[in-house]
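K.L.:
The structure under discussion is supplied below as structure tokens; questions concerning it will follow.
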Amino acid sequence: MSTPRPDSNSIATYFGYGEPGDSDSEKKLQDLKRGKTRRRLWTVAGVIGGGVLFYFSLIVIEFNLAMLYNQWPMFVDALYGQNNYFPPADLFGIPFVDLGAYWSFMIEENLILTVENGRIVWGAMFVTLAVALAGSVLGMPAALVFGVMASERVIPYPFNFAFRATMSLIRAIPGLVWFLILIPLGGVGAFTAALAIMIDTTGYLGRLFTDELEEIEDGPIEGIRSTGASRSQVVSFGMLSQVFRQFIAWIAFDLEHNVRAAIGLGIIGGGGLGLELYVQRQTFHYTNMMACIILIFLLAGSVELISQRVRSYLREEDDVERSGIVEAFANAPKNILTSTMGRRGR
């Protein structure tokens with residue numbers, strides 16, 4: 001009795017490259033198999049290509065596990081000890097972190113709000129917040145204009161492409177580079193940092209506005225046109241009215257992003273907490289660095305929480321949590337603990 005030879009055509013049929021059947025259903029099935037095979041091949045090619053790029057990236061950055069192992073003791077030493085990230089202290093004989101060292105530095109270097117001779121002195125934390133807020137507000141009008149003019153619903157192609165190209169150029173240049181470009185105009189300081197954030201906001205927020213306008217419904221627009229409204233009235237009442245909530249939500253999100261950008265700009269001379277962090281890093285005062293990092297965490301987290309509350313109020317769903325900002329701050333530890341315990345219980 002002879003052993004049956006494997007049918008090579010059955011393998012080809014499995015991958016969609018065998019002899020096609022006579023019926024339409026068999027041909028359709030073969031086309032589906034062929035498409036599935038091609039997707040698999042592209043997936044494999046993508047994984048291999050991504051792996052090769054990742055390998056060359058590791059070579060370019062000179063990734064070295066041995067160096068991490070050798071430097072680990074130095075990193076641990078920088079965490080604990082006098083003038084390190086977590087200065088030691090004793091609380092009733094129990095080892096503890098000296099939080100007073102952080103507070104003393106914040107007061108001495110005027111990182112927070114202080115009062116001197118009856119006059120309010122705004123600290124570095126508020127300088128960072130002011131840079132982000134001023135840059136965001138200054139960039140909003142231009143972002144709105146560019147966002148509306150870049151939409152094909154307002155300006156027909158290819159005339160709208162000029163506004164899209166301008167926003168693409170702005171986004172192609174990082175905010176740090178805009179700061180360096182604008183130094184001859186405003187000098188090195190918080191003013192130039194705000195100008196850089198203003199330009200950055202125009203590009204990113206304007207693009208988000210354009211994307212929202214592209215998704216609106218045509219019904220309200222046609223209804224406004226049928227009343228004999230002018231072009232500006234159609235844009236105002238037929239288009240912008242549909243995306244008002246989304247615009248406010250994106251503005252809140254952009255402000256949250258700009259606070260982090262202001263910290264980065266401060267490191268290269270834009271003032272605020274970023275500049276103080278850079279100075280303390282240059283002098284290897286790790287305790288002072290951690291004090292700056294704590295304030296950065298509190299500032300960025302507070303703005304993010306406020307932004308989240310604003311966006312939640314703008315949602316139309318009935319099941320959205322609508323607690324106030326003060327309640328959100330007060331309930332944050334409990335919510336985090338409840339969420340964590342819920343995940344562990346699963």
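By order of appearance in the structure tokens: chains A, B, ..., then residues from 1 within every chain, and ligands from 1 in the order shown.
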Could you build a table of the residues in region 108-174 of chain A lying no more than 10 Å from region 207-216 of chain A, giving for each the nearest pair of atoms and their separation in Å rounded to one decimal place, using only C-alpha atoms, ordered by chain and ascending residue number, as JSON lines?
P.N.:
{"residue": "A:Ala143", "atom": "CA", "partner": "A:Phe209", "partner_atom": "CA", "distance": 7.7}
{"residue": "A:Leu144", "atom": "CA", "partner": "A:Phe209", "partner_atom": "CA", "distance": 6.9}
{"residue": "A:Val145", "atom": "CA", "partner": "A:Phe209", "partner_atom": "CA", "distance": 9.4}
{"residue": "A:Phe146", "atom": "CA", "partner": "A:Arg207", "partner_atom": "CA", "distance": 8.0}
{"residue": "A:Gly147", "atom": "CA", "partner": "A:Thr210", "partner_atom": "CA", "distance": 4.6}
{"residue": "A:Val148", "atom": "CA", "partner": "A:Thr210", "partner_atom": "CA", "distance": 6.1}
{"residue": "A:Met149", "atom": "CA", "partner": "A:Thr210", "partner_atom": "CA", "distance": 8.2}
{"residue": "A:Ala150", "atom": "CA", "partner": "A:Thr210", "partner_atom": "CA", "distance": 6.3}
{"residue": "A:Ser151", "atom": "CA", "partner": "A:Thr210", "partner_atom": "CA", "distance": 5.5}
{"residue": "A:Glu152", "atom": "CA", "partner": "A:Glu214", "partner_atom": "CA", "distance": 7.6}
{"residue": "A:Arg153", "atom": "CA", "partner": "A:Glu214", "partner_atom": "CA", "distance": 7.2}
{"residue": "A:Val154", "atom": "CA", "partner": "A:Leu213", "partner_atom": "CA", "distance": 9.2}
{"residue": "A:Phe163", "atom": "CA", "partner": "A:Arg207", "partner_atom": "CA", "distance": 9.7}
{"residue": "A:Arg164", "atom": "CA", "partner": "A:Arg207", "partner_atom": "CA", "distance": 7.8}
{"residue": "A:Met167", "atom": "CA", "partner": "A:Arg207", "partner_atom": "CA", "distance": 6.9}
{"residue": "A:Ser168", "atom": "CA", "partner": "A:Arg207", "partner_atom": "CA", "distance": 8.4}
{"residue": "A:Arg171", "atom": "CA", "partner": "A:Arg207", "partner_atom": "CA", "distance": 9.3}
K.L.:
Create the file for the chosen residues now, containing C-alpha atoms and written as a PDB file, in the first residue's frame.
P.N.:
ATOM      1  CA  ALA A 143      -5.387  79.022  15.656  1.00  0.00           C
ATOM      2  CA  LEU A 144      -9.086  79.701  15.120  1.00  0.00           C
ATOM      3  CA  VAL A 145      -8.459  81.690  11.927  1.00  0.00           C
ATOM      4  CA  PHE A 146      -6.051  79.148  10.455  1.00  0.00           C
ATOM      5  CA  GLY A 147      -8.228  76.235  11.584  1.00  0.00           C
ATOM      6  CA  VAL A 148     -11.329  77.644   9.883  1.00  0.00           C
ATOM      7  CA  MET A 149      -9.550  78.782   6.719  1.00  0.00           C
ATOM      8  CA  ALA A 150      -7.818  75.418   6.311  1.00  0.00           C
ATOM      9  CA  SER A 151     -11.145  73.575   6.111  1.00  0.00           C
ATOM     10  CA  GLU A 152     -12.423  72.714   2.643  1.00  0.00           C
ATOM     11  CA  ARG A 153     -15.939  73.488   3.863  1.00  0.00           C
ATOM     12  CA  VAL A 154     -14.926  77.153   4.183  1.00  0.00           C
ATOM     13  CA  PHE A 163      -3.267  77.591   5.582  1.00  0.00           C
ATOM     14  CA  ARG A 164      -2.717  73.850   5.988  1.00  0.00           C
ATOM     15  CA  MET A 167       0.259  74.969  10.140  1.00  0.00           C
ATOM     16  CA  SER A 168       2.271  71.958   8.980  1.00  0.00           C
ATOM     17  CA  ARG A 171       4.237  71.783  13.708  1.00  0.00           C
TER      18      ARG A 171
END
K.L.:
Skip region 262-277 of chain A itself and residues of its chain fewer than 2 positions away, then list as a ChimeraX atom specification all residues within 9 Å of it, counting only C-alpha atoms.
P.N.:
/A:109,111,123-129,131-132,175-176,179-180,188-194,196-197,257-260,279-282,288-293,295-296
K.L.:
For the contact check between region 98-200 of chain A and region 83-90 of chain A, emit one row per residue of region 98-200 of chain A within 12 Å, containing the shortest atom pair and the distance in Å rounded to one decimal, counting only C-alpha atoms, chain then rising number order, as CSV.
P.N.:
residue,atom,partner,partner_atom,distance
A:Asp98,CA,A:Ala89,CA,5.0
A:Leu99,CA,A:Pro87,CA,8.1
A:Gly100,CA,A:Ala89,CA,9.4
A:Ala101,CA,A:Pro87,CA,7.6
A:Tyr102,CA,A:Pro87,CA,9.1
A:Phe105,CA,A:Asn83,CA,11.6
K.L.:
Using only C-alpha atoms, which residue out of A:Ile107, A:Leu29, A:Ile221, A:Ala130 lies closest to Leu299 (chain A)?
P.N.:
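Distance minimum relative to Leu299 (chain A) lands on A:Ala130.
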K.L.:
Rounded to one decimal in Å, what is the spacing between CA of Thr202 (chain A) and CA of Ala142 (chain A)?
P.N.:
5.7 Å
K.L.:
Please run DSSP on the backbone and report, as an mmCIF file with N, CA, C and O atoms, in the first residue's frame, all residues within region 36-151 of chain A that come out as alpha helix (DSSP H).
P.N.:
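What landed in states-v5.cif:
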data_model
loop_
_atom_site.group_PDB
_atom_site.id
_atom_site.type_symbol
_atom_site.label_atom_id
_atom_site.label_comp_id
_atom_site.auth_asym_id
_atom_site.auth_seq_id
_atom_site.Cartn_x
_atom_site.Cartn_y
_atom_site.Cartn_z
ATOM 1 N N LYS A 36 -6.072 37.615 2.755
ATOM 2 C CA LYS A 36 -5.578 37.299 4.090
ATOM 3 C C LYS A 36 -4.101 36.946 4.060
ATOM 4 O O LYS A 36 -3.323 37.345 4.946
ATOM 5 N N THR A 37 -3.685 36.197 3.028
ATOM 6 C CA THR A 37 -2.270 35.833 2.890
ATOM 7 C C THR A 37 -1.413 37.070 2.688
ATOM 8 O O THR A 37 -0.335 37.207 3.278
ATOM 9 N N ARG A 38 -1.885 37.992 1.860
ATOM 10 C CA ARG A 38 -1.114 39.223 1.630
ATOM 11 C C ARG A 38 -1.004 40.056 2.908
ATOM 12 O O ARG A 38 0.069 40.619 3.190
ATOM 13 N N ARG A 39 -2.070 40.127 3.676
ATOM 14 C CA ARG A 39 -1.996 40.875 4.935
ATOM 15 C C ARG A 39 -1.000 40.231 5.893
ATOM 16 O O ARG A 39 -0.271 40.933 6.610
ATOM 17 N N ARG A 40 -0.978 38.895 5.921
ATOM 18 C CA ARG A 40 -0.017 38.210 6.775
ATOM 19 C C ARG A 40 1.419 38.514 6.344
ATOM 20 O O ARG A 40 2.296 38.751 7.182
ATOM 21 N N LEU A 41 1.643 38.487 5.019
ATOM 22 C CA LEU A 41 2.997 38.765 4.518
ATOM 23 C C LEU A 41 3.418 40.196 4.851
ATOM 24 O O LEU A 41 4.567 40.434 5.253
ATOM 25 N N TRP A 42 2.498 41.141 4.689
ATOM 26 C CA TRP A 42 2.823 42.525 5.027
ATOM 27 C C TRP A 42 3.068 42.688 6.523
ATOM 28 O O TRP A 42 3.929 43.473 6.939
ATOM 29 N N THR A 43 2.314 41.943 7.329
ATOM 30 C CA THR A 43 2.533 42.006 8.774
ATOM 31 C C THR A 43 3.909 41.487 9.146
ATOM 32 O O THR A 43 4.637 42.098 9.942
ATOM 33 N N VAL A 44 4.274 40.343 8.553
ATOM 34 C CA VAL A 44 5.602 39.775 8.822
ATOM 35 C C VAL A 44 6.698 40.733 8.356
ATOM 36 O O VAL A 44 7.688 40.967 9.066
ATOM 37 N N ALA A 45 6.509 41.298 7.154
ATOM 38 C CA ALA A 45 7.503 42.248 6.647
ATOM 39 C C ALA A 45 7.595 43.478 7.541
ATOM 40 O O ALA A 45 8.693 44.002 7.794
ATOM 41 N N GLY A 46 6.435 43.951 8.065
ATOM 42 C CA GLY A 46 6.459 45.100 8.957
ATOM 43 C C GLY A 46 7.173 44.809 10.264
ATOM 44 O O GLY A 46 7.934 45.639 10.769
ATOM 45 N N VAL A 47 6.928 43.614 10.817
ATOM 46 C CA VAL A 47 7.592 43.237 12.066
ATOM 47 C C VAL A 47 9.093 43.132 11.855
ATOM 48 O O VAL A 47 9.902 43.613 12.672
ATOM 49 N N ILE A 48 9.495 42.511 10.750
ATOM 50 C CA ILE A 48 10.932 42.379 10.471
ATOM 51 C C ILE A 48 11.568 43.755 10.245
ATOM 52 O O ILE A 48 12.638 44.067 10.781
ATOM 53 N N GLY A 49 10.900 44.595 9.440
ATOM 54 C CA GLY A 49 11.426 45.933 9.196
ATOM 55 C C GLY A 49 11.505 46.758 10.464
ATOM 56 O O GLY A 49 12.501 47.458 10.703
ATOM 57 N N GLY A 50 10.462 46.676 11.316
ATOM 58 C CA GLY A 50 10.501 47.393 12.582
ATOM 59 C C GLY A 50 11.604 46.887 13.493
ATOM 60 O O GLY A 50 12.264 47.672 14.184
ATOM 61 N N GLY A 51 11.811 45.567 13.485
ATOM 62 C CA GLY A 51 12.885 45.003 14.295
ATOM 63 C C GLY A 51 14.252 45.476 13.842
ATOM 64 O O GLY A 51 15.131 45.772 14.667
ATOM 65 N N VAL A 52 14.441 45.560 12.518
ATOM 66 C CA VAL A 52 15.722 46.035 11.986
ATOM 67 C C VAL A 52 15.958 47.496 12.364
ATOM 68 O O VAL A 52 17.049 47.885 12.792
ATOM 69 N N LEU A 53 14.920 48.327 12.224
ATOM 70 C CA LEU A 53 15.054 49.735 12.602
ATOM 71 C C LEU A 53 15.333 49.891 14.092
ATOM 72 O O LEU A 53 16.138 50.732 14.497
ATOM 73 N N PHE A 54 14.665 49.061 14.908
ATOM 74 C CA PHE A 54 14.901 49.109 16.345
ATOM 75 C C PHE A 54 16.342 48.714 16.674
ATOM 76 O O PHE A 54 16.993 49.336 17.528
ATOM 77 N N TYR A 55 16.854 47.703 15.978
ATOM 78 C CA TYR A 55 18.231 47.264 16.222
ATOM 79 C C TYR A 55 19.230 48.362 15.867
ATOM 80 O O TYR A 55 20.155 48.649 16.638
ATOM 81 N N PHE A 56 19.026 49.008 14.721
ATOM 82 C CA PHE A 56 19.929 50.092 14.344
ATOM 83 C C PHE A 56 19.788 51.298 15.263
ATOM 84 O O PHE A 56 20.754 52.026 15.494
ATOM 85 N N SER A 57 18.580 51.505 15.808
ATOM 86 C CA SER A 57 18.393 52.595 16.764
ATOM 87 C C SER A 57 19.213 52.344 18.027
ATOM 88 O O SER A 57 19.823 53.270 18.576
ATOM 89 N N LEU A 58 19.227 51.102 18.488
ATOM 90 C CA LEU A 58 20.032 50.764 19.653
ATOM 91 C C LEU A 58 21.522 50.980 19.379
ATOM 92 O O LEU A 58 22.270 51.406 20.265
ATOM 93 N N ILE A 59 21.942 50.697 18.151
ATOM 94 C CA ILE A 59 23.348 50.916 17.802
ATOM 95 C C ILE A 59 23.675 52.413 17.792
ATOM 96 O O ILE A 59 24.719 52.847 18.295
ATOM 97 N N VAL A 60 22.760 53.209 17.239
ATOM 98 C CA VAL A 60 23.003 54.660 17.139
ATOM 99 C C VAL A 60 23.108 55.293 18.521
ATOM 100 O O VAL A 60 23.979 56.136 18.765
ATOM 101 N N LEU A 65 23.766 47.721 28.312
ATOM 102 C CA LEU A 65 23.265 47.216 29.586
ATOM 103 C C LEU A 65 24.358 47.161 30.636
ATOM 104 O O LEU A 65 24.096 47.355 31.827
ATOM 105 N N ALA A 66 25.589 46.905 30.205
ATOM 106 C CA ALA A 66 26.696 46.844 31.161
ATOM 107 C C ALA A 66 26.902 48.201 31.844
ATOM 108 O O ALA A 66 27.187 48.267 33.047
ATOM 109 N N MET A 67 26.728 49.291 31.081
ATOM 110 C CA MET A 67 26.885 50.616 31.665
ATOM 111 C C MET A 67 25.791 50.886 32.698
ATOM 112 O O MET A 67 26.056 51.445 33.765
ATOM 113 N N LEU A 68 24.563 50.449 32.409
ATOM 114 C CA LEU A 68 23.488 50.619 33.374
ATOM 115 C C LEU A 68 23.784 49.854 34.662
ATOM 116 O O LEU A 68 23.532 50.343 35.765
ATOM 117 N N TYR A 69 24.340 48.657 34.524
ATOM 118 C CA TYR A 69 24.670 47.860 35.699
ATOM 119 C C TYR A 69 25.775 48.523 36.516
ATOM 120 O O TYR A 69 25.713 48.562 37.755
ATOM 121 N N ASN A 70 26.771 49.063 35.817
ATOM 122 C CA ASN A 70 27.882 49.693 36.526
ATOM 123 C C ASN A 70 27.483 51.011 37.183
ATOM 124 O O ASN A 70 28.015 51.379 38.229
ATOM 125 N N GLN A 71 26.549 51.743 36.554
ATOM 126 C CA GLN A 71 26.139 53.044 37.084
ATOM 127 C C GLN A 71 25.038 52.947 38.133
ATOM 128 O O GLN A 71 24.728 53.945 38.779
ATOM 129 N N TRP A 72 24.447 51.774 38.279
ATOM 130 C CA TRP A 72 23.326 51.629 39.200
ATOM 131 C C TRP A 72 23.689 52.013 40.638
ATOM 132 O O TRP A 72 22.903 52.701 41.302
ATOM 133 N N PRO A 73 24.833 51.599 41.175
ATOM 134 C CA PRO A 73 25.174 52.023 42.544
ATOM 135 C C PRO A 73 25.244 53.542 42.684
ATOM 136 O O PRO A 73 24.834 54.089 43.725
ATOM 137 N N MET A 74 25.747 54.251 41.688
ATOM 138 C CA MET A 74 25.812 55.711 41.762
ATOM 139 C C MET A 74 24.412 56.315 41.771
ATOM 140 O O MET A 74 24.158 57.309 42.469
ATOM 141 N N PHE A 75 23.507 55.708 41.014
ATOM 142 C CA PHE A 75 22.134 56.205 40.995
ATOM 143 C C PHE A 75 21.467 55.999 42.349
ATOM 144 O O PHE A 75 20.751 56.881 42.849
ATOM 145 N N VAL A 76 21.714 54.850 42.966
ATOM 146 C CA VAL A 76 21.145 54.586 44.286
ATOM 147 C C VAL A 76 21.698 55.569 45.307
ATOM 148 O O VAL A 76 20.974 56.071 46.176
ATOM 149 N N ASP A 77 22.998 55.875 45.215
ATOM 150 C CA ASP A 77 23.596 56.855 46.132
ATOM 151 C C ASP A 77 22.977 58.233 45.965
ATOM 152 O O ASP A 77 22.881 59.006 46.925
ATOM 153 N N ALA A 78 22.577 58.558 44.731
ATOM 154 C CA ALA A 78 21.955 59.865 44.491
ATOM 155 C C ALA A 78 20.537 59.934 45.037
ATOM 156 O O ALA A 78 19.994 61.030 45.231
ATOM 157 N N LEU A 79 19.923 58.793 45.317
ATOM 158 C CA LEU A 79 18.565 58.784 45.840
ATOM 159 C C LEU A 79 18.529 59.100 47.329
ATOM 160 O O LEU A 79 17.692 59.889 47.785
ATOM 161 N N LEU A 99 11.043 66.264 54.561
ATOM 162 C CA LEU A 99 10.220 67.137 53.724
ATOM 163 C C LEU A 99 10.500 68.604 53.999
ATOM 164 O O LEU A 99 10.275 69.462 53.134
ATOM 165 N N GLY A 100 10.996 68.906 55.178
ATOM 166 C CA GLY A 100 11.314 70.287 55.501
ATOM 167 C C GLY A 100 12.407 70.868 54.628
ATOM 168 O O GLY A 100 12.439 72.077 54.361
ATOM 169 N N ALA A 101 13.318 70.002 54.130
ATOM 170 C CA ALA A 101 14.374 70.482 53.239
ATOM 171 C C ALA A 101 13.791 70.974 51.926
ATOM 172 O O ALA A 101 14.247 71.985 51.362
ATOM 173 N N TYR A 102 12.776 70.281 51.444
ATOM 174 C CA TYR A 102 12.112 70.738 50.219
ATOM 175 C C TYR A 102 11.428 72.085 50.455
ATOM 176 O O TYR A 102 11.563 73.014 49.651
ATOM 177 N N TRP A 103 10.687 72.175 51.557
ATOM 178 C CA TRP A 103 9.931 73.396 51.838
ATOM 179 C C TRP A 103 10.858 74.592 52.040
ATOM 180 O O TRP A 103 10.575 75.693 51.564
ATOM 181 N N SER A 104 11.962 74.367 52.722
ATOM 182 C CA SER A 104 12.907 75.460 52.961
ATOM 183 C C SER A 104 13.462 75.999 51.654
ATOM 184 O O SER A 104 13.577 77.222 51.463
ATOM 185 N N PHE A 105 13.786 75.111 50.727
ATOM 186 C CA PHE A 105 14.314 75.558 49.437
ATOM 187 C C PHE A 105 13.244 76.304 48.642
ATOM 188 O O PHE A 105 13.546 77.306 47.979
ATOM 189 N N MET A 106 12.016 75.826 48.684
ATOM 190 C CA MET A 106 10.935 76.506 47.959
ATOM 191 C C MET A 106 10.760 77.940 48.456
ATOM 192 O O MET A 106 10.525 78.855 47.657
ATOM 193 N N ILE A 107 10.874 78.136 49.765
ATOM 194 C CA ILE A 107 10.712 79.468 50.329
ATOM 195 C C ILE A 107 11.927 80.339 50.040
ATOM 196 O O ILE A 107 11.797 81.505 49.639
ATOM 197 N N GLU A 108 13.128 79.780 50.230
ATOM 198 C CA GLU A 108 14.354 80.561 50.040
ATOM 199 C C GLU A 108 14.513 81.034 48.603
ATOM 200 O O GLU A 108 14.928 82.168 48.352
ATOM 201 N N ALA A 124 8.512 81.049 40.902
ATOM 202 C CA ALA A 124 8.839 80.406 39.626
ATOM 203 C C ALA A 124 7.700 79.527 39.123
ATOM 204 O O ALA A 124 7.485 79.407 37.909
ATOM 205 N N MET A 125 6.947 78.901 40.038
ATOM 206 C CA MET A 125 5.832 78.058 39.619
ATOM 207 C C MET A 125 4.785 78.859 38.863
ATOM 208 O O MET A 125 4.253 78.415 37.839
ATOM 209 N N PHE A 126 4.504 80.068 39.342
ATOM 210 C CA PHE A 126 3.507 80.903 38.684
ATOM 211 C C PHE A 126 4.056 81.522 37.400
ATOM 212 O O PHE A 126 3.286 81.857 36.503
ATOM 213 N N VAL A 127 5.379 81.680 37.318
ATOM 214 C CA VAL A 127 5.972 82.135 36.060
ATOM 215 C C VAL A 127 5.753 81.089 34.971
ATOM 216 O O VAL A 127 5.380 81.415 33.837
ATOM 217 N N THR A 128 5.959 79.821 35.327
ATOM 218 C CA THR A 128 5.708 78.749 34.367
ATOM 219 C C THR A 128 4.256 78.720 33.934
ATOM 220 O O THR A 128 3.944 78.586 32.739
ATOM 221 N N LEU A 129 3.348 78.849 34.902
ATOM 222 C CA LEU A 129 1.922 78.854 34.567
ATOM 223 C C LEU A 129 1.567 80.062 33.706
ATOM 224 O O LEU A 129 0.770 79.954 32.757
ATOM 225 N N ALA A 130 2.152 81.228 34.008
ATOM 226 C CA ALA A 130 1.869 82.436 33.233
ATOM 227 C C ALA A 130 2.361 82.305 31.796
ATOM 228 O O ALA A 130 1.693 82.764 30.862
ATOM 229 N N VAL A 131 3.529 81.691 31.607
ATOM 230 C CA VAL A 131 4.053 81.481 30.261
ATOM 231 C C VAL A 131 3.097 80.616 29.441
ATOM 232 O O VAL A 131 2.773 80.918 28.284
ATOM 233 N N ALA A 132 2.633 79.522 30.059
ATOM 234 C CA ALA A 132 1.720 78.619 29.353
ATOM 235 C C ALA A 132 0.387 79.290 29.052
ATOM 236 O O ALA A 132 -0.149 79.182 27.937
ATOM 237 N N LEU A 133 -0.162 80.008 30.037
ATOM 238 C CA LEU A 133 -1.471 80.643 29.850
ATOM 239 C C LEU A 133 -1.392 81.778 28.832
ATOM 240 O O LEU A 133 -2.250 81.875 27.935
ATOM 241 N N ALA A 134 -0.369 82.632 28.947
ATOM 242 C CA ALA A 134 -0.237 83.749 28.006
ATOM 243 C C ALA A 134 -0.016 83.245 26.584
ATOM 244 O O ALA A 134 -0.636 83.742 25.637
ATOM 245 N N GLY A 135 0.870 82.256 26.421
ATOM 246 C CA GLY A 135 1.117 81.717 25.088
ATOM 247 C C GLY A 135 -0.114 81.079 24.490
ATOM 248 O O GLY A 135 -0.388 81.222 23.292
ATOM 249 N N SER A 136 -0.901 80.385 25.329
ATOM 250 C CA SER A 136 -2.113 79.732 24.831
ATOM 251 C C SER A 136 -3.146 80.753 24.376
ATOM 252 O O SER A 136 -3.735 80.627 23.297
ATOM 253 N N VAL A 137 -3.373 81.779 25.211
ATOM 254 C CA VAL A 137 -4.382 82.784 24.869
ATOM 255 C C VAL A 137 -3.964 83.587 23.643
ATOM 256 O O VAL A 137 -4.785 83.882 22.767
ATOM 257 N N LEU A 138 -2.678 83.929 23.543
ATOM 258 C CA LEU A 138 -2.205 84.680 22.383
ATOM 259 C C LEU A 138 -2.304 83.861 21.099
ATOM 260 O O LEU A 138 -2.507 84.424 20.012
ATOM 261 N N GLY A 139 -2.171 82.550 21.202
ATOM 262 C CA GLY A 139 -2.217 81.710 20.013
ATOM 263 C C GLY A 139 -3.608 81.293 19.588
ATOM 264 O O GLY A 139 -3.803 80.844 18.455
ATOM 265 N N MET A 140 -4.607 81.451 20.472
ATOM 266 C CA MET A 140 -5.959 81.000 20.148
ATOM 267 C C MET A 140 -6.578 81.713 18.956
ATOM 268 O O MET A 140 -7.163 81.063 18.073
ATOM 269 N N PRO A 141 -6.517 83.055 18.861
ATOM 270 C CA PRO A 141 -7.136 83.705 17.695
ATOM 271 C C PRO A 141 -6.551 83.235 16.369
ATOM 272 O O PRO A 141 -7.294 82.951 15.425
ATOM 273 N N ALA A 142 -5.218 83.163 16.305
ATOM 274 C CA ALA A 142 -4.591 82.696 15.065
ATOM 275 C C ALA A 142 -4.950 81.248 14.789
ATOM 276 O O ALA A 142 -5.165 80.857 13.633
ATOM 277 N N ALA A 143 -5.017 80.419 15.842
ATOM 278 C CA ALA A 143 -5.387 79.022 15.656
ATOM 279 C C ALA A 143 -6.799 78.895 15.112
ATOM 280 O O ALA A 143 -7.077 78.057 14.241
ATOM 281 N N LEU A 144 -7.708 79.731 15.605
ATOM 282 C CA LEU A 144 -9.086 79.701 15.120
ATOM 283 C C LEU A 144 -9.160 80.130 13.660
ATOM 284 O O LEU A 144 -9.842 79.491 12.850
ATOM 285 N N VAL A 145 -8.443 81.209 13.310
ATOM 286 C CA VAL A 145 -8.459 81.690 11.927
ATOM 287 C C VAL A 145 -7.871 80.644 10.984
ATOM 288 O O VAL A 145 -8.468 80.295 9.959
ATOM 289 N N PHE A 146 -6.693 80.136 11.320
ATOM 290 C CA PHE A 146 -6.051 79.148 10.455
ATOM 291 C C PHE A 146 -6.863 77.859 10.413
ATOM 292 O O PHE A 146 -6.958 77.221 9.361
ATOM 293 N N GLY A 147 -7.439 77.461 11.559
ATOM 294 C CA GLY A 147 -8.228 76.235 11.584
ATOM 295 C C GLY A 147 -9.456 76.318 10.705
ATOM 296 O O GLY A 147 -9.809 75.357 10.025
ATOM 297 N N VAL A 148 -10.134 77.474 10.708
ATOM 298 C CA VAL A 148 -11.329 77.644 9.883
ATOM 299 C C VAL A 148 -10.952 77.769 8.407
ATOM 300 O O VAL A 148 -11.554 77.132 7.532
ATOM 301 N N MET A 149 -9.929 78.571 8.107
ATOM 302 C CA MET A 149 -9.550 78.782 6.719
ATOM 303 C C MET A 149 -8.939 77.536 6.073
ATOM 304 O O MET A 149 -8.968 77.400 4.850
#
K.L.:
Can you measure CA of Gly81 (chain A) to CA of Ile112 (chain A) for me? One decimal in Å is fine.
P.N.:
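Straight-line distance from CA of Gly81 (chain A) to CA of Ile112 (chain A) works out to 25.5 Å.
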K.L.:
Using only C-alpha atoms, determine which residues lie at most 8 Å from Glu256 (chain A), disregarding the query and same-chain residues fewer than 2 positions distant; provide the list as a PyMOL selection string.
P.N.:
chain A and resi 252-254+258-260+300+303-304+307
K.L.:
Convert the current residue selection to file output with N, CA, C and O atoms, as a tab-separated table (two decimals), in the first residue's frame.
P.N.:
chain	number	residue	atom	x	y	z
A	252	ALA	N	-8.74	73.49	26.41
A	252	ALA	CA	-8.34	73.03	27.75
A	252	ALA	C	-7.22	72.01	27.65
A	252	ALA	O	-6.26	72.04	28.45
A	253	PHE	N	-7.31	71.10	26.70
A	253	PHE	CA	-6.26	70.10	26.52
A	253	PHE	C	-4.95	70.75	26.08
A	253	PHE	O	-3.86	70.36	26.53
A	254	ASP	N	-5.04	71.75	25.21
A	254	ASP	CA	-3.83	72.42	24.73
A	254	ASP	C	-3.14	73.19	25.86
A	254	ASP	O	-1.91	73.25	25.92
A	258	ASN	N	0.64	72.86	27.08
A	258	ASN	CA	1.54	74.01	27.09
A	258	ASN	C	2.21	74.22	28.44
A	258	ASN	O	3.29	74.81	28.51
A	259	VAL	N	1.57	73.78	29.52
A	259	VAL	CA	2.23	73.86	30.83
A	259	VAL	C	3.48	73.00	30.83
A	259	VAL	O	4.54	73.41	31.30
A	260	ARG	N	3.38	71.80	30.29
A	260	ARG	CA	4.56	70.94	30.19
A	260	ARG	C	5.60	71.53	29.24
A	260	ARG	O	6.80	71.43	29.47
A	300	ALA	N	1.56	70.57	37.02
A	300	ALA	CA	1.05	69.86	35.85
A	300	ALA	C	-0.16	69.02	36.21
A	300	ALA	O	-1.14	68.96	35.44
A	303	VAL	N	-3.31	71.37	36.67
A	303	VAL	CA	-3.83	71.85	35.39
A	303	VAL	C	-4.50	70.71	34.63
A	303	VAL	O	-5.56	70.89	34.00
A	304	GLU	N	-3.93	69.52	34.70
A	304	GLU	CA	-4.54	68.37	34.02
A	304	GLU	C	-5.89	68.03	34.64
A	304	GLU	O	-6.84	67.71	33.92
A	307	SER	N	-8.36	70.64	33.53
A	307	SER	CA	-8.69	70.40	32.12
A	307	SER	C	-9.64	69.21	31.97
A	307	SER	O	-10.59	69.26	31.19
K.L.:
Can you tell me, as a ChimeraX atom specification, which residues in region 61-268 of chain A count as strand (DSSP E) by DSSP?
P.N.:
/A:88-91,94-97,114-116,119-121
